[in-house]
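K.L.:
First the structure, which I've put down as structure tokens, then a few questions once you've had a look.
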Amino acid sequence: MQLDARLQADCSLICELTESSLLLMNNALVDWFILVPHCEEIELTNLPFDRQTAILQQVNLVARYLQQNCAPDKLNIATLGNVVSQLHIHVIGRKQTDPYWPAPVWGQAERRDYTEPEIEQIRQTFSEFLQQQSQ
């Protein structure tokens with residue numbers, strides 16, 4: 001499945017999960033992940049219930065990863081389609097030190113510019129987290 005051009009430009013692929021691609025938003029100062037389900041639907045509710053459940057389990061998995069590895073004070077989870085029409089689910093770890101706290105972070109992104117070694121470290125950490133979760 002082809003990613004929307006804007007997601008390709010703004011994100012780095014962390015890994016492929018069974019139901020979705022996990023991306024890291026590069027242009028945000030907060031810990032911001034995006035899951036893009038492997039489907040052509042643009043609404044989660046249009047998918048069969050078992051697929052919805054599987055995707056939401058992956059959303060919860062990413063939320064647990066953020067809680068364990070990024071120590072957020074708050075998690076934001078939402079689907080947005082106002083800019084990118086492809087179904088995608090945001091999982092964002094917020095801290096009170098976030099410059100936009102407590103205001104919503106949507107549309108207030110600033111470029112973080114992760115280096116390739118930082119992205120590779122996140123891939124490795126997430127891979128290790130997945131292994132722990134499967135045991």
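Ligands are numbered from 1 in the order shown, chains are lettered A, B, ... in the order of the structure tokens, and residues start at 1 in each chain.
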Would you return as JSON, numbers by chain the members of range 12-132 of chain A that DSSP assigns to strand (DSSP E) on this structure's backbone?
P.N.:
{"A": [12, 13, 14, 15, 16, 20, 21, 22, 23, 24, 25, 31, 32, 33, 34, 35, 36, 37, 74, 75, 76, 77, 78, 79, 89, 90, 91, 92, 93, 94]}
K.L.:
Each residue of range 3-94 of chain A with at least one atom at most 12 Å from range 119-133 of chain A should appear once, together with its nearest atom pair and the corresponding distance in Å (one decimal); atoms considered: only C-alpha atoms; ordering: chain, then increasing residue number; output as a Markdown table.
P.N.:
| residue | atom | partner | partner_atom | distance |
| --- | --- | --- | --- | --- |
| A:Cys11 | CA | A:Ile119 | CA | 10.5 |
| A:Ser12 | CA | A:Ile119 | CA | 7.6 |
| A:Leu13 | CA | A:Arg123 | CA | 8.7 |
| A:Ile14 | CA | A:Arg123 | CA | 5.3 |
| A:Cys15 | CA | A:Arg123 | CA | 7.0 |
| A:Glu16 | CA | A:Ser127 | CA | 10.5 |
| A:Leu17 | CA | A:Leu130 | CA | 9.9 |
| A:Leu22 | CA | A:Arg123 | CA | 9.9 |
| A:Leu23 | CA | A:Arg123 | CA | 10.1 |
| A:Leu24 | CA | A:Ile119 | CA | 8.3 |
| A:Met25 | CA | A:Ile119 | CA | 10.6 |
| A:Asn26 | CA | A:Ile119 | CA | 9.5 |
| A:Asp31 | CA | A:Ile122 | CA | 10.8 |
| A:Trp32 | CA | A:Ile122 | CA | 11.9 |
| A:Phe33 | CA | A:Ile122 | CA | 11.0 |
| A:Gln58 | CA | A:Leu130 | CA | 10.6 |
| A:Asn60 | CA | A:Gln133 | CA | 11.8 |
| A:Leu61 | CA | A:Leu130 | CA | 8.5 |
| A:Val62 | CA | A:Phe126 | CA | 8.8 |
| A:Ala63 | CA | A:Phe126 | CA | 11.6 |
| A:Arg64 | CA | A:Phe129 | CA | 9.4 |
| A:Tyr65 | CA | A:Phe129 | CA | 6.9 |
| A:Leu66 | CA | A:Phe126 | CA | 9.6 |
| A:Gln67 | CA | A:Phe129 | CA | 11.6 |
| A:Gln68 | CA | A:Phe129 | CA | 9.2 |
| A:Asn69 | CA | A:Thr125 | CA | 8.5 |
| A:Cys70 | CA | A:Ile122 | CA | 10.9 |
K.L.:
What residues in chain A get the DSSP label alpha helix (DSSP H)? Please answer as a PyMOL selection string.
P.N.:
chain A and resi 5-10+49-70+116-134
K.L.:
At most 12 Å is the cut-off: for each residue in range 1-23 of chain A with any atom that close to an atom of range 79-98 of chain A, write down the nearest atom pair and the distance in Å rounded to one decimal, counting only C-alpha atoms, chain first then increasing number, as JSON lines.
P.N.:
{"residue": "A:Met1", "atom": "CA", "partner": "A:Gln86", "partner_atom": "CA", "distance": 10.7}
{"residue": "A:Gln2", "atom": "CA", "partner": "A:Gln86", "partner_atom": "CA", "distance": 9.7}
{"residue": "A:Leu3", "atom": "CA", "partner": "A:Gln86", "partner_atom": "CA", "distance": 7.8}
{"residue": "A:Asp4", "atom": "CA", "partner": "A:Gln86", "partner_atom": "CA", "distance": 6.4}
{"residue": "A:Ala5", "atom": "CA", "partner": "A:Val84", "partner_atom": "CA", "distance": 8.7}
{"residue": "A:Arg6", "atom": "CA", "partner": "A:Val84", "partner_atom": "CA", "distance": 7.0}
{"residue": "A:Leu7", "atom": "CA", "partner": "A:Val84", "partner_atom": "CA", "distance": 7.7}
{"residue": "A:Gln8", "atom": "CA", "partner": "A:Val84", "partner_atom": "CA", "distance": 10.9}
{"residue": "A:Ala9", "atom": "CA", "partner": "A:Val84", "partner_atom": "CA", "distance": 11.8}
{"residue": "A:Asp10", "atom": "CA", "partner": "A:Val84", "partner_atom": "CA", "distance": 11.4}
{"residue": "A:Cys11", "atom": "CA", "partner": "A:His90", "partner_atom": "CA", "distance": 11.9}
{"residue": "A:Glu19", "atom": "CA", "partner": "A:His88", "partner_atom": "CA", "distance": 11.9}
{"residue": "A:Ser20", "atom": "CA", "partner": "A:His88", "partner_atom": "CA", "distance": 9.2}
{"residue": "A:Ser21", "atom": "CA", "partner": "A:His88", "partner_atom": "CA", "distance": 9.4}
{"residue": "A:Leu22", "atom": "CA", "partner": "A:Ile89", "partner_atom": "CA", "distance": 9.6}
{"residue": "A:Leu23", "atom": "CA", "partner": "A:His90", "partner_atom": "CA", "distance": 9.5}
K.L.:
So which one's closest to Val105 in chain A, A:Ser134, A:Leu44, A:Val30, A:Thr18? Using only C-alpha atoms, please.
P.N.:
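Once distances to Val105 in chain A are computed over only C-alpha atoms, the minimum belongs to A:Val30.
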K.L.:
For a test of reading the model, state the distance in Å between CA of Pro102 in chain A and CA of Leu29 in chain A, rounded to one decimal.
P.N.:
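Answer for the CA of Pro102 in chain A to CA of Leu29 in chain A separation: 14.2 Å.
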K.L.:
For CA of Glu43 in chain A and CA of Pro104 in chain A, determine how far apart the two atoms are, in Å to one decimal place.
P.N.:
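Straight-line distance from CA of Glu43 in chain A to CA of Pro104 in chain A works out to 22.3 Å.
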K.L.:
Report, in Å to a single decimal, how far apart CA of Ile34 in chain A and CA of Tyr114 in chain A are.
P.N.:
15.5 Å
